[in-house]
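This report refers to the structure that appears directly beneath it.
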Amino acid sequence: MKTVLTYLKPLIPRMLLGISGKFMGTMAELFLPLILSHVLKDVVARKSLSDILYWGLIMTGCAVVAMVCHTIGNRTGAKVSRNFVEKLRGDLFHRTMRLSAAQTDRFTIPSLESRITTDTYNVYNFVMMMLRAGVRAPLLLLGGIFITMFMDRYLATVMLAVMPILFILVLTISRKGVPLYSKVQKSVDGMIRVVREDTQGIRVIKALSKTDYEHRRYDAVNRSLVADEKRAGITMGLVNPIMTALMNGGIVAVVALSAGRVAAGQSDPETVIAFMQYFTLISMAMMAVTRMFVMYTKCAASAARITQVLEAPEDLVVQSTQDYPDKQPDAHIEFDHVSFSYLSHRNNLQDISFSLPRGGSLGIIGATGSGKSTLVRLLMRFYDTDSGSIRINGRDVRTIPNDERCAMFGLSLQHDFLYADTIAENIRFGRDLTREQIVQAAVTAQAHDFISAFPDGYEHMLAQKATNISGGQKQRLLIARAVAAKPDILVLDDSSSALDYKTDAALRQALARDMKGTTVITVAQRVSSVKNCDLILVLDEGRVIGSGSHEHLLATCPEYQEISQSQMGGAFVE
Amino acid sequence: MSKGFGGPGGRGGGMPDTNRPTYQKLSGKRARGVALRLGTYILQRWPLFLLALALTLFSNQLALMGPSFSGKAIDAISSPLGVQFDVVEENVVKMLGCYLFSAVLSYILSVLMIHISQSIVYSMRKQLFEKLTGLPVGYFDTHATGDIISHISYDIDTINTSLSHDLVMIMSSLYTVIGSLVFMWRISKPMILIFLFTVPASILFGRWRATRVRPLFRARVKKLGGLNGYAEEMLSGCRTIRAYGREGEIGDRFDERNKDTMDSYYAAEHFGALMFPGMTLITNLSLTMITIFGGILYMLSQNGTIAEASIFFITLGGVAQFVQYSRKFANPISEFANIINELQSAFSAAERVFRIIDEDPETPDAPDAVALSHVKGQVDIDHVDFGYTPEKQILHDVTICAQPGKTFAIVGPTGTGKTTIINLLMRFYDVNDGAIYIDGSEIRQVTRNSLRGSYTMVLQDTWLFHGTVFDNIAYGREGATRDEVIAAAKAARIHSYIETLPDGYDTILSDEGINISKGQRQLITIARAMLSDSSMLILDEATSNVDSRTELKIQEALNQLMEGRTCFVIAHRLSTIKNADCILVLQNGAVTEQGTHDELIAKGGFYATLYNSQFS
């Protein structure tokens, strides 16, 4: 909460303006019932028409002042919360994008998402509410208590006795009720899950004639959702009747007790009328205060989650060459006894060593989960190795500054990332590239033809996740992005699996033609994608079980032979 | 202003759900139709609904009577003859009774309304879901999952909110407005004139709010949705962004959108800031006017200028009552515009739901359809033409003759109709022309259940649902015993893996929980298929490789599954293709080559080219 609150600091002057607006507005509101009782009691007794009109004018003034001041207060409050959350959310997003891969894994992406979306929203809502009702309600409460005390201490005490009851009851119900709504949400998710599963598995369901079974399955989640909704509704439904009953009960008590006091000359009926007004105001204010208590819990939890990200330590800092000295650059890329694990209970890569000359090509092949992609991630320093070192041009990757390292690579990863923007922008990817470079890259990647076929060509808009183009087209755009800046090292991780064999062959020729001098790393499941590489590594469960050229492996590595034989090449694979 | 504490639609005041669809207003005629149909759901529960109606009226009547007793009590206190304790006492007791009773009744009412609306929502969801499962597969191929889910969640939720909240609101608002007007009329007719100002002001204010301000609030929800979507999209690509070192640029773009979103938030709040103060202003001005007019009339009544019989006569208690009634009177009026808006949303949500309920289900089995039994597995596809849409034909004149127990490998480039053949065999779609026979019976002349039951199907997208491993396997056959399931798992080479799971066969498979690999998921679906004793198999081979040990198990399990069955395999593995009794090469929707591996290689056609391309 503290870290998050510091974002309010620069906004304090404006906040003060808002708070004073709310203050004056609330004061003006508080005067109204007082004047009402004054008119009915004293002014009427003076029998002066002009006095009544005079006070009426003052009341009108108060009402207008209340409105204007509250509006100003609310507007500055909105402005403050707007600026506050914009900065907070912006910083959170920037920090999130700069988290290291290991940190991202620990937080998990869905959790980071909800921190940027839901948590900032909760904090925004709370700040907004505090700046509005948070000022008005306590002021109304205190002011109301003060004035009623001043008017008739005895009646005020009676009335105030109701407040703690109201507070405790409503707070208790809310504390019980809010978790019930989270439970409803869970049930909704469960209900939706069945619908989603059945929508996706409709063929299986129909093939096995399981509709009745599914109806029963849905009925169970439907019933439990209904039960949860009822429970939550029935609990939270108590709040309003209790609040009304207590409020009216207080009014009844005031009327009843005032009878004796009026008879004894200690009070007067006009005071009772004013009390009824104040009591309504105070009860409403009490409700608002209770609500703030409920919301505070939620906001504090959100603030804590945001702080965790904002204060996450800097990871993967650039190390000095004293700790990781340079070596003779006799290879472009060198892995030197590298071991690594994501969660440190199983080695995802174990003792990997190889070296690759500049302009050479490396193929990595193996089953899903054998560590192919991990190897590439280490080379790009998404993670640091547990032991051993990785060198590019003889420099340990840990000593290469981020910008410099990023500029070396072009990559197209498995399930890589295309986003809702133009095709040109997806290739450019926020870099300083000319139109010629983009088109040239598309030509190399065999993407130019299909891009040109769109009426708006390179300005064609992709949908989110590029759902409006085919898998093969996606892969070609990613490759275009990867080659556009003529990188030193090109990483193609499972990036041509959706291409038919003709396009795949053309692509490989074009890469060889246009990317001379670039070291190419190809990760694949298919032998045909890697068989022309200078060096092929066969991985199984994080170990190298074979390395060398295609012919060498065919002769020496039984696993490689097996993979090679079980595959029919690209043509039959969708 | 808000619906209190997390009303039915509020879900405890969380973030506005930015996926919620925006509902268009229906035309008068369509709205009436939908309203009538929604009305039938209510009519089916008419006793409860009548009770709710009675409760609404009764509790509102009690709440309305309260202030009148308090007015009498105040008159008794301020009586020139001194405090009349007995009158005060009587009225205080009545007042207390009214308020308490009214609170209790209103609670009972809200419970009753939750009950009614939940019962309606329950049966609507049930009806909708059962309708969905009866729709032809084509419906799911042409409608996005997200849209279908949106109907069953958001649309029905919108209807629910309206049923449980708006209906009562309308009834009680109407009653309160009319009732307080009657009471005020009795207290002082001339003072009613005050409402000549406040009522139009409330109505105008409410309308302005509903038509001008609400759209701004809706627009900001959309903007926030856009921003959140952007954040999610970029987060999903954070790895790539990091690799290219583009965090700065992406961050700057986020800042722009963030600013834009917050501007639209502020644009709405700019007016939103006026809401509560504006409402309060109207209430306060009416209080002021009551003070002035009431004060003057009370003054003149007290000093005898106005006779007690005059309509201008008013007591102190009268003024007090008037103040309370005027508050009751004003609030619902400014709410009306809002409620009407919500009703319109509910109608268009209901229309979307009814549209699905009115969809055409799968054509029923022919009246003389027979159930297939003891299927040998002879499948004849006879000159079949098919297209998903009339404009685009997928299969032309396909003829395949499959003998019992033989394996047919279907190969060919993407999009040539391989999966379409499966859709036709299973009768997920019906052929446009030609016919398909099983053991000589035309498949449109047999019952769907028996037709589909004579196939076992293993698809490449392994479909598992949220449930135990046991449930997922036993899904293959109604009433499968524990032993049968274990035997099937053993046959699928997945038994020993399942034993290592924390709860064995009772382990729940879920997205969040146990992380089982792709290969193991495949084995579980194979185990499910093992339970079936059908004579034909449809197999869509997976394209992706799993580790070689699991791969070996899958192959062994599949071989066992294929034994003795007529098999249609959409094949990707060379071994499967080579071992097939017949390879069908599908090109542009037609079978262009047919024969064994050796025959086709010898023929030197398309298949031979493809096969040799891997050695080039």
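Residues are named by chain letter and number: chains run A, B, ... in the order of the structure tokens, numbers start at 1 in each chain, and ligands are numbered from 1 in the order shown.
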Alpha helix (DSSP H) residues, from DSSP on the backbone, in region 385-604 of chain B, as a PyMOL selection string: chain B and resi 418-425+448-453+469-474+482-491+495-500+518-530+548-562+574-579+597-603
Residues of region 269-386 of chain A classed as strand (DSSP E) by DSSP on the backbone are to be reported as a tab-separated table (two decimals) with N, CA and C atoms, in the first residue's frame.
```
chain	number	residue	atom	x	y	z
A	333	ILE	N	29.65	-18.96	-32.06
A	333	ILE	CA	28.85	-19.34	-30.90
A	333	ILE	C	29.48	-20.55	-30.24
A	334	GLU	N	29.61	-20.48	-28.94
A	334	GLU	CA	30.22	-21.60	-28.26
A	334	GLU	C	29.46	-21.93	-26.97
A	335	PHE	N	29.06	-23.18	-26.81
A	335	PHE	CA	28.48	-23.67	-25.56
A	335	PHE	C	29.55	-24.49	-24.85
A	336	ASP	N	29.77	-24.16	-23.61
A	336	ASP	CA	30.87	-24.80	-22.90
A	336	ASP	C	30.33	-25.48	-21.64
A	337	HIS	N	30.03	-26.77	-21.71
A	337	HIS	CA	29.52	-27.55	-20.57
A	337	HIS	C	28.35	-26.87	-19.88
A	338	VAL	N	27.32	-26.58	-20.64
A	338	VAL	CA	26.18	-25.83	-20.12
A	338	VAL	C	25.15	-26.78	-19.51
A	339	SER	N	24.76	-26.48	-18.26
A	339	SER	CA	23.63	-27.19	-17.65
A	339	SER	C	22.65	-26.14	-17.14
A	340	PHE	N	21.38	-26.53	-17.15
A	340	PHE	CA	20.36	-25.56	-16.73
A	340	PHE	C	19.09	-26.28	-16.33
A	349	LEU	N	18.62	-29.05	-19.24
A	349	LEU	CA	19.73	-29.24	-20.17
A	349	LEU	C	20.91	-29.72	-19.36
A	350	GLN	N	21.63	-30.65	-19.89
A	350	GLN	CA	22.74	-31.19	-19.12
A	350	GLN	C	24.00	-31.28	-19.96
A	351	ASP	N	25.01	-30.54	-19.51
A	351	ASP	CA	26.35	-30.64	-20.06
A	351	ASP	C	26.37	-30.55	-21.59
A	352	ILE	N	25.92	-29.43	-22.09
A	352	ILE	CA	25.87	-29.24	-23.54
A	352	ILE	C	27.13	-28.49	-23.98
A	353	SER	N	27.83	-29.02	-24.94
A	353	SER	CA	28.99	-28.33	-25.49
A	353	SER	C	28.98	-28.44	-27.01
A	354	PHE	N	29.22	-27.33	-27.66
A	354	PHE	CA	29.44	-27.37	-29.10
A	354	PHE	C	29.96	-26.01	-29.52
A	355	SER	N	30.50	-25.89	-30.71
A	355	SER	CA	30.87	-24.56	-31.18
A	355	SER	C	30.55	-24.47	-32.66
A	356	LEU	N	30.26	-23.26	-33.07
A	356	LEU	CA	29.74	-23.04	-34.41
A	356	LEU	C	30.47	-21.85	-35.01
A	361	SER	N	25.72	-23.27	-39.88
A	361	SER	CA	24.32	-23.54	-39.56
A	361	SER	C	24.24	-24.70	-38.59
A	362	LEU	N	23.33	-24.54	-37.62
A	362	LEU	CA	23.14	-25.55	-36.59
A	362	LEU	C	21.71	-26.04	-36.64
A	363	GLY	N	21.53	-27.33	-36.62
A	363	GLY	CA	20.17	-27.89	-36.53
A	363	GLY	C	20.01	-28.59	-35.20
A	364	ILE	N	18.86	-28.36	-34.55
A	364	ILE	CA	18.61	-29.07	-33.29
A	364	ILE	C	17.32	-29.85	-33.46
A	365	ILE	N	17.38	-31.13	-33.17
A	365	ILE	CA	16.20	-31.96	-33.37
A	365	ILE	C	15.95	-32.79	-32.12
A	366	GLY	N	14.72	-33.14	-31.89
A	366	GLY	CA	14.38	-33.92	-30.70
A	366	GLY	C	12.88	-33.81	-30.46
```
Who sits within 8 Å of region 245-249 of chain A, only C-alpha atoms, same chain under 5 positions skipped, as a list in words: Val162, Leu166, Phe279, Thr280 and Ser283 of chain A; Leu96, Tyr99, Leu100 and Ala103 of chain B
Output as CSV one row per residue of chain A within 6 Å of chain B: the closest atom pair and its distance in Å to one decimal place, counting only C-alpha atoms, sorted by chain and residue number ascending.
```
residue,atom,partner,partner_atom,distance
A:Leu36,CA,B:Thr291,CA,5.9
A:Leu40,CA,B:Gly295,CA,5.9
A:Val44,CA,B:Met299,CA,5.2
A:Gly56,CA,B:Ile292,CA,5.6
A:Met59,CA,B:Thr288,CA,5.8
A:Ala63,CA,B:Leu281,CA,5.8
A:Met67,CA,B:Pro277,CA,4.8
A:Thr71,CA,B:Leu274,CA,5.3
A:Asn74,CA,B:Ala273,CA,5.0
A:Arg75,CA,B:Ala273,CA,5.6
A:Arg82,CA,B:Met262,CA,5.9
A:Gly90,CA,B:Asp255,CA,5.9
A:His94,CA,B:Gly251,CA,5.5
A:Met97,CA,B:Glu247,CA,5.9
A:Glu113,CA,B:Glu232,CA,5.9
A:Thr117,CA,B:Asn228,CA,5.8
A:Val178,CA,B:Gly12,CA,5.9
A:Tyr181,CA,B:Arg11,CA,5.7
A:Ala207,CA,B:Arg452,CA,5.0
A:Ser209,CA,B:Asn449,CA,5.9
A:Ile234,CA,B:Val111,CA,5.7
A:Pro241,CA,B:Ala103,CA,4.8
A:Ala245,CA,B:Ala103,CA,5.7
A:Ala259,CA,B:Ile77,CA,5.7
A:Ala263,CA,B:Val83,CA,5.7
A:Pro269,CA,B:Ser78,CA,5.8
A:Ile273,CA,B:Ala320,CA,5.9
A:Ala367,CA,B:Asp547,CA,4.6
A:Thr368,CA,B:Val546,CA,5.2
A:Cys406,CA,B:Tyr244,CA,5.1
A:Phe417,CA,B:Gly237,CA,5.1
A:Ser566,CA,B:Leu574,CA,5.4
A:Gln567,CA,B:Leu574,CA,5.5
A:Met568,CA,B:Leu574,CA,5.0
A:Gly569,CA,B:Gln614,CA,4.9
A:Phe572,CA,B:His572,CA,5.7
A:Val573,CA,B:His572,CA,5.7
A:Glu574,CA,B:Thr414,CA,5.7
```
Using the selection just defined, write its residues with C-alpha atoms as a PDB file, in the first residue's frame.
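The new file selection33.pdb reads:
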```
ATOM      1  CA  LEU A  36     -35.382  23.988   8.329  1.00  0.00           C
ATOM      2  CA  LEU A  40     -40.186  26.213  11.726  1.00  0.00           C
ATOM      3  CA  VAL A  44     -42.391  31.172  12.207  1.00  0.00           C
ATOM      4  CA  GLY A  56     -35.358  30.218   2.041  1.00  0.00           C
ATOM      5  CA  MET A  59     -31.196  27.450   1.898  1.00  0.00           C
ATOM      6  CA  ALA A  63     -28.106  23.782  -1.885  1.00  0.00           C
ATOM      7  CA  MET A  67     -23.852  21.077  -5.598  1.00  0.00           C
ATOM      8  CA  THR A  71     -19.099  18.712  -8.346  1.00  0.00           C
ATOM      9  CA  ASN A  74     -15.720  15.070  -7.514  1.00  0.00           C
ATOM     10  CA  ARG A  75     -14.106  16.336 -10.675  1.00  0.00           C
ATOM     11  CA  ARG A  82      -7.094   9.389 -13.357  1.00  0.00           C
ATOM     12  CA  GLY A  90       2.109   2.718 -16.910  1.00  0.00           C
ATOM     13  CA  HIS A  94       6.949  -0.990 -18.089  1.00  0.00           C
ATOM     14  CA  MET A  97       7.860  -5.906 -19.666  1.00  0.00           C
ATOM     15  CA  GLU A 113      -2.089  -9.752 -16.539  1.00  0.00           C
ATOM     16  CA  THR A 117      -5.855  -5.028 -15.346  1.00  0.00           C
ATOM     17  CA  VAL A 178     -18.302 -10.701  -0.508  1.00  0.00           C
ATOM     18  CA  TYR A 181     -19.765 -13.625  -4.582  1.00  0.00           C
ATOM     19  CA  ALA A 207     -19.830 -39.951 -31.626  1.00  0.00           C
ATOM     20  CA  SER A 209     -23.989 -40.508 -27.970  1.00  0.00           C
ATOM     21  CA  ILE A 234     -30.009 -13.974   0.285  1.00  0.00           C
ATOM     22  CA  PRO A 241     -33.734  -4.007   4.995  1.00  0.00           C
ATOM     23  CA  ALA A 245     -35.124  -0.786   9.707  1.00  0.00           C
ATOM     24  CA  ALA A 259     -42.322  13.541  23.849  1.00  0.00           C
ATOM     25  CA  ALA A 263     -43.253  18.121  27.928  1.00  0.00           C
ATOM     26  CA  PRO A 269     -40.890  19.389  18.146  1.00  0.00           C
ATOM     27  CA  ILE A 273     -37.978  17.274  12.519  1.00  0.00           C
ATOM     28  CA  ALA A 367      10.943 -34.648 -29.281  1.00  0.00           C
ATOM     29  CA  THR A 368       8.674 -32.165 -27.533  1.00  0.00           C
ATOM     30  CA  CYS A 406      19.301  -7.915 -28.908  1.00  0.00           C
ATOM     31  CA  PHE A 417       3.800 -13.421 -31.388  1.00  0.00           C
ATOM     32  CA  SER A 566       9.087 -42.501 -39.050  1.00  0.00           C
ATOM     33  CA  GLN A 567       8.664 -39.271 -40.932  1.00  0.00           C
ATOM     34  CA  MET A 568       7.372 -38.888 -44.416  1.00  0.00           C
ATOM     35  CA  GLY A 569       8.886 -35.458 -44.920  1.00  0.00           C
ATOM     36  CA  PHE A 572       2.051 -35.250 -45.662  1.00  0.00           C
ATOM     37  CA  VAL A 573       2.197 -33.230 -42.533  1.00  0.00           C
ATOM     38  CA  GLU A 574      -0.414 -30.577 -42.016  1.00  0.00           C
TER      39      GLU A 574
END
```
For Ser172 (chain B): contacts at 10 Å, only C-alpha atoms, fewer than 5 positions along chain excluded, given as a list in words: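 With the cut-off at 10 Å, the set is Leu53, Leu55, Thr56, Leu57, Phe58, Ser59, Asn60, Gln61, Asp166, Leu167, Val177, Ile178, Gly179 and Pro332 of chain B.
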With N, CA and C atoms retained, could you export that selection as a compact mmCIF listing (two decimals), in the first residue's frame?
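The result, written out as out_8.txt:
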```
# COMPACT_ATOMS: atom_id res chain seq x y z
N LEU B 53 -45.89 -9.89 -5.95
CA LEU B 53 -46.62 -8.65 -6.23
C LEU B 53 -47.30 -8.15 -4.96
N LEU B 55 -46.53 -8.86 -1.88
CA LEU B 55 -45.52 -8.42 -0.91
C LEU B 55 -45.02 -7.02 -1.24
N THR B 56 -44.79 -6.78 -2.53
CA THR B 56 -44.30 -5.47 -2.94
C THR B 56 -45.28 -4.39 -2.50
N LEU B 57 -46.52 -4.62 -2.84
CA LEU B 57 -47.52 -3.60 -2.53
C LEU B 57 -47.63 -3.41 -1.02
N PHE B 58 -47.65 -4.52 -0.32
CA PHE B 58 -47.86 -4.46 1.11
C PHE B 58 -46.69 -3.76 1.80
N SER B 59 -45.48 -4.15 1.46
CA SER B 59 -44.34 -3.58 2.17
C SER B 59 -44.18 -2.10 1.82
N ASN B 60 -44.51 -1.74 0.60
CA ASN B 60 -44.43 -0.34 0.24
C ASN B 60 -45.51 0.48 0.95
N GLN B 61 -46.69 -0.14 1.05
CA GLN B 61 -47.78 0.54 1.75
C GLN B 61 -47.38 0.81 3.20
N ASP B 166 -35.13 -5.22 -11.76
CA ASP B 166 -35.94 -4.20 -12.40
C ASP B 166 -37.44 -4.39 -12.18
N LEU B 167 -37.89 -5.66 -12.21
CA LEU B 167 -39.33 -5.89 -12.06
C LEU B 167 -39.84 -5.34 -10.74
N VAL B 177 -44.40 6.18 -5.80
CA VAL B 177 -44.66 7.51 -6.38
C VAL B 177 -46.13 7.87 -6.22
N ILE B 178 -46.99 6.94 -6.60
CA ILE B 178 -48.42 7.24 -6.51
C ILE B 178 -48.85 7.38 -5.05
N GLY B 179 -48.36 6.42 -4.25
CA GLY B 179 -48.73 6.43 -2.83
C GLY B 179 -48.31 7.71 -2.13
N PRO B 332 -37.44 7.59 -7.04
CA PRO B 332 -37.77 6.66 -8.13
C PRO B 332 -37.91 7.34 -9.48
```
Polymer residues at most 7 Å from region 32-43 of chain B, only C-alpha atoms, same-chain spacing of 4 or more positions, as a PyMOL selection string: chain B and resi 28+120+347+350-351
Atomic separation - CA of Met24 (chain A) relative to CA of Cys69 (chain A), Å: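 If I compute the distance from CA of Cys69 (chain A) to CA of Met24 (chain A), I get 6.4 Å.
As for CA of Leu433 (chain A) and CA of Tyr383 (chain A), they are spaced 28.3 Å apart.
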